[in-house]
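Notes follow once the structure below has been shown.
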Amino acid sequence: MSTTTSAAPPRAPKETRAARRVRLTDRTRKERNLGWMLAGPAFIAMVAVTGYPILNAIWLSLFDFRLTDPSGREFVFLGNYLTILTDGLFWQQFGITSLITIVTVSVELVLGFGLAMVMHRALYLRTALRTAILIPYGIITVVSSYAWAYAFSNTYGFVNGVFGLGEYDWFGGTWSALFTVCVAEIWKTTPFMSLLLLAGLAQIPDDYLEAAKVDGATAWQRVKRVILPNMKAAIMVALLFRTLDAFRIFDSIFIMTAGAQNTETLSFLAYRQTISRVMVGLGSAVSVILAILVVLIAVMFVKVFKTDLSQQRGDKK
Amino acid sequence: MFRKTCVASSALVLLAAGLSGCGGDSGGSTTLTYYIADAAQEDVATRCASESGGAYAFNIQRLPNTAAGGREQLLRRLAAEDRSMDIVSVDPPFMAEFANAEFLRPFTDSERQEFSRGVLEGPLLQSTFRDTLYSAPLYGNTQLLWYRKSVLAKAGVDPSKGPVTWDQLIKGATQAGVTLAAQGRRNESLMVWVNALVSSSGGSILQAGSENLPAAEVKGGLDSPAGAAAARIMHDLAVSPAAPAGFSTAGEEDSRAAFQAGNGGYMVNWPYVWAAFDSAIEEGTLPANFKDDVGWAAYPRVEAGTESAAPSGGLGLSVSAFSRRQDLAVEAIRCLVSAQSQKEFMIKAGNPAALAAIFDDPEIREKFPMADEIRTGLDAATPRPVSPYYGDVTGSIQTAFHPPDALSPGTTPREANQLLEDVLSNKRLI
């Protein structure tokens, strides 16, 4: 087994826009129009409910504006952005956010892959198994965060009892508090990762695996040379979705540490400026920066890692 | 065709019904929406509504449990000029912020006289802003020093024999192998502690006169010996063996749990704990004779020769400036903060009344044997800084004075002061 089996078809040569326009048949055009008519209202509604707040947030981010002091509103152009980007707290929280994202997504990928394999290969109780694995994802994040906060509590939690840690205060130090937050996140979202990976696994034709088996490939070789390369697109999509999600982490930290012990993330920074301090301008600027970072992550995945989003829809086979 | 028209018109009717539901005028014109912070307020409200003879009824809305959560919800709704709010329960330190933003209806002179009559100085002081009454005091609050009588001999510190200092308590608790519980958690309770320590040595978090200044001109008063004393005491306790486990994450309830534990010795906390001990005894989590071992005294001093400035808290009832039934709301407040209501509330919630006369009530004196100490504490209590930018002030203090074990009298006061001023002038984030 020296060659890698790949399901991806050779790429078609790039078409120019003009060439594509010429080739549109009446039917295609009508289908396209129908598509717009069907999706149009939803599209307009989406633009109205998301576009306006986004533009308003960008506009507000240019002001020094405290909600309790409307008369003191002052245009500061990019002043808020300067304040944020020159403040060490922003970079510290950027670091914490990135750390949580990298750790949780990496662990979730490994665990999620294992669970996807189990769900894919299970011969008995398949439905029950899949349901059991997916339950954590069905729980509201705030509820699961409370559950973990209680579990790690040094007064009534079970974790210290099980591991014989006495009155160890998990939430009393940065690293231990971050550990608990990561555990809660991983527990909650690994099922989502495994669901996306399961979709990728299901797309691998059994023939490939059988052919590899006939060629004498070991189980590890089959995973490494057949399954993983054929799942690359699904893995990248799963990573993209989870990274975007993990980077915006808020609920778990809000419930478990309330941001104490330097566990605040960028979403928390936006929350504190906007909601606690009612500094709407500064908070909007943090939110805009956070949104830009999220877009950058998405662009990085799509352009640099060449993540093919169409794979997830099953367009290509 | 008929069916289609029918479906479309039904949808419109439903939509209209939904929209009118959002208008907030639910339950008729005599229904007042009352935002409560404590479950016991609901019982009082029910009685008031029935006594009003149908003049008003209440639609009760519960605010979040934490002080910060309550502030945020009120702030968001009031800033959005939510007309469905009539009476709101305001934690005194947040009142200035709301009043400055013109979110609250000021009480008229005659109403002020009426709601001030017989009210203790501390609760009244924190209900006024720029010489205008914005809240009718429902209860006042102050912390006491609670101790277990059984540990006194071993600790060598007996608060019943006279005022004690924080240093004596830390030393005594360490010597006796018991805990001294205080609130080291990064939330409003930390601000309460810092303010009490700073005020007890004659300092103040904000310099005098700052309540009328624009945010950028407000000056902090922490870079002072008083700020240093606060940082030193907090640090000394946090690193001493007398600090209960999880000190930097302990709020009021955690402190109570530490005090109730086998190695509990001393605790600073609000008087609600007395009623909470009863509940714990009823539930069977505490022995029936637990309260026999509990004593109380005035809040600890920072310096032996200077009287302590105990923390000040409480709750006031305000009328939203956006309410469409303001006069009716004032009418309802008359009942909600009446002597009978305050007594009822004190018995149910364990929170001290704001009216002086309640402390002489025989039933109250029987249920609260520490009534005199509470009353004295309310008089000596020092409110948290009065500032229209209180959110920034408390946020900065909570950031700079946490975790307590990392504080240093040499650097913390200066850094805290700098952070406070920078945050207020929009130069730094918290």
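Chains: A, B, ... in order of the structure tokens. Residues: from 1 per chain. Ligands: from 1, in order shown.
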Item to complete: With a cut-off of 8 Å and counting only C-alpha atoms, select all residues of chain A in contact with chain B and give the selection as a ChimeraX atom specification.
Response: /A:67-69,83-84,87,89-90,154,167-169,171-172,260-261,269,272-273,275-277
Discussion item. Env of Phe345 in chain B: 10 Å cut, atoms = only C-alpha atoms, seq-sep filter 6 positions within chain, self excluded. Answer as a list in words.
Written reply: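 Selected residues are Asp38, Ala39, Ala40, Gln41, Glu42, Asp43, Val44, Leu138, Tyr139, Leu336, Val337, Ala339, Asn351, Pro352 and Ala353 of chain B.
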Worksheet item: So which residues touch range 266-269 of chain B within 10 Å, counting only C-alpha atoms, skipping near sequence neighbours fewer than 2 positions away, as a PyMOL selection string?
Response: chain B and resi 142-149+151-152+159+169-170+172-173+178-183+189+193+242+251-253+255-256+258-260+263-264+271-274+294-300+310-311
Please save N, CA and C atoms of the selected residues as a CSV table (one decimal), in the first residue's frame.
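For reference, selection31.csv as written:
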chain,number,residue,atom,x,y,z
B,142,THR,N,-26.0,46.4,57.1
B,142,THR,CA,-24.6,46.6,57.5
B,142,THR,C,-24.1,45.2,58.0
B,143,GLN,N,-22.8,45.1,57.9
B,143,GLN,CA,-22.2,43.8,58.3
B,143,GLN,C,-21.8,43.9,59.7
B,144,LEU,N,-21.8,42.7,60.4
B,144,LEU,CA,-21.3,42.6,61.7
B,144,LEU,C,-20.2,41.6,61.7
B,145,LEU,N,-19.5,41.5,62.9
B,145,LEU,CA,-18.5,40.5,63.1
B,145,LEU,C,-19.2,39.4,63.8
B,146,TRP,N,-19.2,38.2,63.2
B,146,TRP,CA,-19.8,37.0,63.9
B,146,TRP,C,-18.7,36.1,64.4
B,147,TYR,N,-19.0,35.5,65.6
B,147,TYR,CA,-17.9,34.6,66.1
B,147,TYR,C,-18.5,33.4,66.8
B,148,ARG,N,-17.7,32.4,66.9
B,148,ARG,CA,-18.2,31.2,67.6
B,148,ARG,C,-17.6,31.3,69.0
B,149,LYS,N,-18.5,31.3,70.0
B,149,LYS,CA,-18.0,31.5,71.4
B,149,LYS,C,-17.0,30.5,71.8
B,151,VAL,N,-14.5,29.2,70.4
B,151,VAL,CA,-13.1,29.4,70.0
B,151,VAL,C,-12.4,30.5,70.6
B,152,LEU,N,-13.2,31.4,71.3
B,152,LEU,CA,-12.6,32.6,71.8
B,152,LEU,C,-11.4,32.4,72.8
B,159,PRO,N,-14.3,39.5,70.9
B,159,PRO,CA,-15.0,40.8,70.5
B,159,PRO,C,-16.1,41.3,71.4
B,169,LEU,N,-7.7,39.7,64.8
B,169,LEU,CA,-8.5,38.5,64.4
B,169,LEU,C,-7.7,37.5,63.6
B,170,ILE,N,-6.9,38.0,62.7
B,170,ILE,CA,-6.1,37.1,61.8
B,170,ILE,C,-5.2,36.3,62.7
B,172,GLY,N,-5.4,35.8,66.0
B,172,GLY,CA,-6.2,34.9,66.9
B,172,GLY,C,-6.7,33.7,66.2
B,173,ALA,N,-7.3,33.9,65.1
B,173,ALA,CA,-7.9,32.7,64.3
B,173,ALA,C,-6.8,31.7,63.9
B,178,VAL,N,-8.7,28.2,63.5
B,178,VAL,CA,-10.0,28.3,62.9
B,178,VAL,C,-9.9,29.4,61.8
B,179,THR,N,-11.1,29.5,61.1
B,179,THR,CA,-11.1,30.4,60.0
B,179,THR,C,-11.7,31.8,60.3
B,180,LEU,N,-11.2,32.8,59.5
B,180,LEU,CA,-11.8,34.1,59.6
B,180,LEU,C,-12.4,34.4,58.2
B,181,ALA,N,-13.7,34.3,58.1
B,181,ALA,CA,-14.3,34.3,56.7
B,181,ALA,C,-14.7,35.8,56.3
B,182,ALA,N,-14.2,36.1,55.1
B,182,ALA,CA,-14.6,37.4,54.5
B,182,ALA,C,-14.9,37.1,53.0
B,183,GLN,N,-15.3,38.2,52.3
B,183,GLN,CA,-15.7,37.9,50.9
B,183,GLN,C,-14.6,38.4,50.0
B,189,SER,N,-19.3,42.2,46.4
B,189,SER,CA,-18.9,42.0,47.8
B,189,SER,C,-17.5,42.4,48.1
B,193,TRP,N,-16.1,45.2,50.8
B,193,TRP,CA,-15.0,45.0,51.8
B,193,TRP,C,-13.9,46.1,51.6
B,242,ALA,N,-5.7,31.4,58.4
B,242,ALA,CA,-7.1,31.6,58.9
B,242,ALA,C,-8.0,31.8,57.7
B,251,GLY,N,-18.0,34.2,48.2
B,251,GLY,CA,-19.0,35.2,48.4
B,251,GLY,C,-19.6,35.1,49.8
B,252,GLU,N,-20.7,35.8,50.0
B,252,GLU,CA,-21.4,35.7,51.4
B,252,GLU,C,-21.8,34.3,51.8
B,253,GLU,N,-22.4,33.6,50.9
B,253,GLU,CA,-22.9,32.3,51.2
B,253,GLU,C,-21.7,31.3,51.5
B,255,SER,N,-18.9,32.2,52.7
B,255,SER,CA,-18.4,32.6,54.0
B,255,SER,C,-19.2,32.0,55.1
B,256,ARG,N,-20.5,32.0,54.9
B,256,ARG,CA,-21.4,31.4,55.9
B,256,ARG,C,-21.1,29.9,56.0
B,258,ALA,N,-18.3,28.4,55.5
B,258,ALA,CA,-17.0,28.3,56.2
B,258,ALA,C,-17.2,28.5,57.7
B,259,PHE,N,-18.0,29.5,58.1
B,259,PHE,CA,-18.3,29.7,59.5
B,259,PHE,C,-19.0,28.6,60.1
B,260,GLN,N,-19.9,27.9,59.4
B,260,GLN,CA,-20.7,26.8,60.0
B,260,GLN,C,-19.9,25.5,60.1
B,263,ASN,N,-14.3,24.0,61.6
B,263,ASN,CA,-13.2,24.9,62.0
B,263,ASN,C,-13.6,26.4,61.8
B,264,GLY,N,-14.9,26.6,61.8
B,264,GLY,CA,-15.3,28.0,61.7
B,264,GLY,C,-15.0,28.8,62.9
B,271,PRO,N,-26.5,40.7,58.3
B,271,PRO,CA,-27.4,40.0,59.4
B,271,PRO,C,-28.3,38.9,58.9
B,272,TYR,N,-28.5,38.8,57.5
B,272,TYR,CA,-29.4,37.7,57.0
B,272,TYR,C,-28.9,36.4,57.5
B,273,VAL,N,-27.6,36.3,57.9
B,273,VAL,CA,-27.1,34.9,58.2
B,273,VAL,C,-27.8,34.4,59.5
B,274,TRP,N,-28.3,35.3,60.3
B,274,TRP,CA,-29.0,34.8,61.5
B,274,TRP,C,-30.2,34.0,61.2
B,294,VAL,N,-23.1,31.1,68.8
B,294,VAL,CA,-22.8,32.2,67.9
B,294,VAL,C,-22.9,33.6,68.6
B,295,GLY,N,-21.9,34.4,68.5
B,295,GLY,CA,-22.0,35.7,69.1
B,295,GLY,C,-21.7,36.7,68.0
B,296,TRP,N,-22.0,38.0,68.3
B,296,TRP,CA,-21.8,39.1,67.3
B,296,TRP,C,-21.3,40.3,67.9
B,297,ALA,N,-20.6,41.1,67.1
B,297,ALA,CA,-20.0,42.4,67.6
B,297,ALA,C,-19.9,43.3,66.5
B,298,ALA,N,-19.4,44.5,66.8
B,298,ALA,CA,-19.3,45.6,65.8
B,298,ALA,C,-18.2,45.1,64.7
B,299,TYR,N,-18.3,45.6,63.5
B,299,TYR,CA,-17.4,45.3,62.5
B,299,TYR,C,-15.9,45.6,62.9
B,300,PRO,N,-15.0,44.8,62.6
B,300,PRO,CA,-13.6,44.9,63.0
B,300,PRO,C,-13.0,46.3,62.6
B,310,ALA,N,-18.4,50.4,59.1
B,310,ALA,CA,-19.0,49.1,58.7
B,310,ALA,C,-19.6,49.3,57.3
B,311,PRO,N,-19.6,48.2,56.5
B,311,PRO,CA,-20.2,48.3,55.2
B,311,PRO,C,-21.7,48.7,55.2
Discussion item. I need the alpha helix (DSSP H) residues of range 222-421 of chain B per DSSP on the backbone, written as a ChimeraX atom specification.
Written reply: /B:225-239,252-260,272-283,326-336,339-349,362-367,371-380,390-400,412-421
Discussion item. So that I can check the surroundings of range 372-383 of chain B, please list as a ChimeraX atom specification every protein, DNA and RNA residue that reaches within 10 Å of it, counting only C-alpha atoms and ignoring chain neighbours fewer than 3 positions away.
Written reply: /B:92-93,120-123,125-126,140-144,192,195-196,199-200,204,270-271,296-299,307-314,352-356,358-360,365,368-369,386
Discussion item. Quick one: residues within 12 Å of Ser110 in chain B, only C-alpha atoms, excluding same-chain residues fewer than 5 positions away - as a PyMOL selection string?
Written reply: chain B and resi 115-117+132-133+330
Worksheet item: Please, what distance in Å, to one decimal, runs between CA of Phe277 in chain B and CA of Asn65 in chain B?
Response: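 So the answer is 19.7 Å.
Shortest separation to Glu51 in chain B among B:Leu32, B:Ser127, B:Cys335, B:Leu419 occurs at residue B:Cys335, atoms counted being only C-alpha atoms.
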Item to complete: Check the smallest atom-to-atom distance from each of B:Ser279, B:Thr33, B:Ser201, B:Thr165 to Ala349 in chain B using only C-alpha atoms, then report the winner.
Response: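 The shortest atom-to-atom distance to Ala349 in chain B comes from B:Ser279.
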List the neighbours of range 188-194 of chain A out to 7 Å using only C-alpha atoms; skip same-chain residues closer than 6 positions along the sequence, and give me the result as a PDB file with N, CA and C atoms, in the first residue's frame.
ATOM      1  N   GLU A 108     -11.158  18.178  21.057  1.00  0.00           N
ATOM      2  CA  GLU A 108     -12.453  17.776  20.487  1.00  0.00           C
ATOM      3  C   GLU A 108     -12.270  17.026  19.180  1.00  0.00           C
ATOM      4  N   LEU A 109     -11.259  17.426  18.394  1.00  0.00           N
ATOM      5  CA  LEU A 109     -11.035  16.748  17.112  1.00  0.00           C
ATOM      6  C   LEU A 109     -10.675  15.285  17.345  1.00  0.00           C
ATOM      7  N   LEU A 111     -11.073  13.426  20.186  1.00  0.00           N
ATOM      8  CA  LEU A 111     -12.174  12.692  20.818  1.00  0.00           C
ATOM      9  C   LEU A 111     -13.345  12.513  19.852  1.00  0.00           C
ATOM     10  N   GLY A 112     -13.640  13.578  19.117  1.00  0.00           N
ATOM     11  CA  GLY A 112     -14.766  13.549  18.187  1.00  0.00           C
ATOM     12  C   GLY A 112     -14.556  12.509  17.099  1.00  0.00           C
ATOM     13  N   PHE A 113     -13.300  12.370  16.657  1.00  0.00           N
ATOM     14  CA  PHE A 113     -12.987  11.377  15.628  1.00  0.00           C
ATOM     15  C   PHE A 113     -13.223   9.968  16.184  1.00  0.00           C
ATOM     16  N   LEU A 115     -15.211   9.125  18.649  1.00  0.00           N
ATOM     17  CA  LEU A 115     -16.651   8.901  18.819  1.00  0.00           C
ATOM     18  C   LEU A 115     -17.343   8.676  17.473  1.00  0.00           C
ATOM     19  N   ALA A 116     -16.885   9.417  16.448  1.00  0.00           N
ATOM     20  CA  ALA A 116     -17.481   9.240  15.114  1.00  0.00           C
ATOM     21  C   ALA A 116     -17.231   7.815  14.617  1.00  0.00           C
ATOM     22  N   ILE A 133     -24.388   9.771  22.797  1.00  0.00           N
ATOM     23  CA  ILE A 133     -23.222  10.613  22.513  1.00  0.00           C
ATOM     24  C   ILE A 133     -23.647  12.058  22.265  1.00  0.00           C
ATOM     25  N   LEU A 134     -24.822  12.219  21.672  1.00  0.00           N
ATOM     26  CA  LEU A 134     -25.242  13.575  21.307  1.00  0.00           C
ATOM     27  C   LEU A 134     -25.911  14.350  22.443  1.00  0.00           C
ATOM     28  N   PRO A 136     -24.956  15.583  25.408  1.00  0.00           N
ATOM     29  CA  PRO A 136     -24.330  16.814  25.917  1.00  0.00           C
ATOM     30  C   PRO A 136     -24.536  18.009  24.993  1.00  0.00           C
ATOM     31  N   TYR A 137     -24.550  17.752  23.686  1.00  0.00           N
ATOM     32  CA  TYR A 137     -24.700  18.872  22.757  1.00  0.00           C
ATOM     33  C   TYR A 137     -26.108  19.460  22.829  1.00  0.00           C
ATOM     34  N   ALA A 238     -15.314  20.783   9.948  1.00  0.00           N
ATOM     35  CA  ALA A 238     -15.584  20.623  11.382  1.00  0.00           C
ATOM     36  C   ALA A 238     -14.683  21.562  12.187  1.00  0.00           C
TER      37      ALA A 238
END
Worksheet item: Could you name the residues that touch Ser287 in chain A at 9 Å or less, counting only C-alpha atoms, but leaving out those on the same chain fewer than 4 positions away, as a VMD selection string?
Response: chain A and resid 57 to 58 61 266 to 267 269 to 271 282 to 283 291 to 292
How would the residues just chosen look if you wrote them out with C-alpha atoms as a compact mmCIF listing (two decimals), in the first residue's frame?
# COMPACT_ATOMS: atom_id res chain seq x y z
CA ALA A 57 -22.27 48.79 15.89
CA ILE A 58 -19.58 49.98 13.48
CA SER A 61 -17.72 52.21 17.75
CA LEU A 266 -12.59 38.70 24.11
CA SER A 267 -16.36 38.14 24.21
CA LEU A 269 -14.27 42.06 27.24
CA ALA A 270 -17.05 43.17 24.89
CA TYR A 271 -19.67 42.22 27.50
CA LEU A 282 -15.92 51.13 23.39
CA GLY A 283 -17.89 47.88 23.64
CA ALA A 291 -16.03 40.02 14.41
CA ILE A 292 -13.04 40.90 12.22
Worksheet item: How many Å separate CA of Ile186 in chain A from CA of Ala122 in chain A?
Response: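 Spanning CA of Ile186 in chain A to CA of Ala122 in chain A is a straight-line distance of 22.7 Å.
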Worksheet entry | Residue with smallest distance to Glu185 in chain A - pool A:Leu78, A:Val49, A:Leu209, A:Ile253, counting only C-alpha atoms |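 Smallest separation from Glu185 in chain A among the options: A:Ile253.
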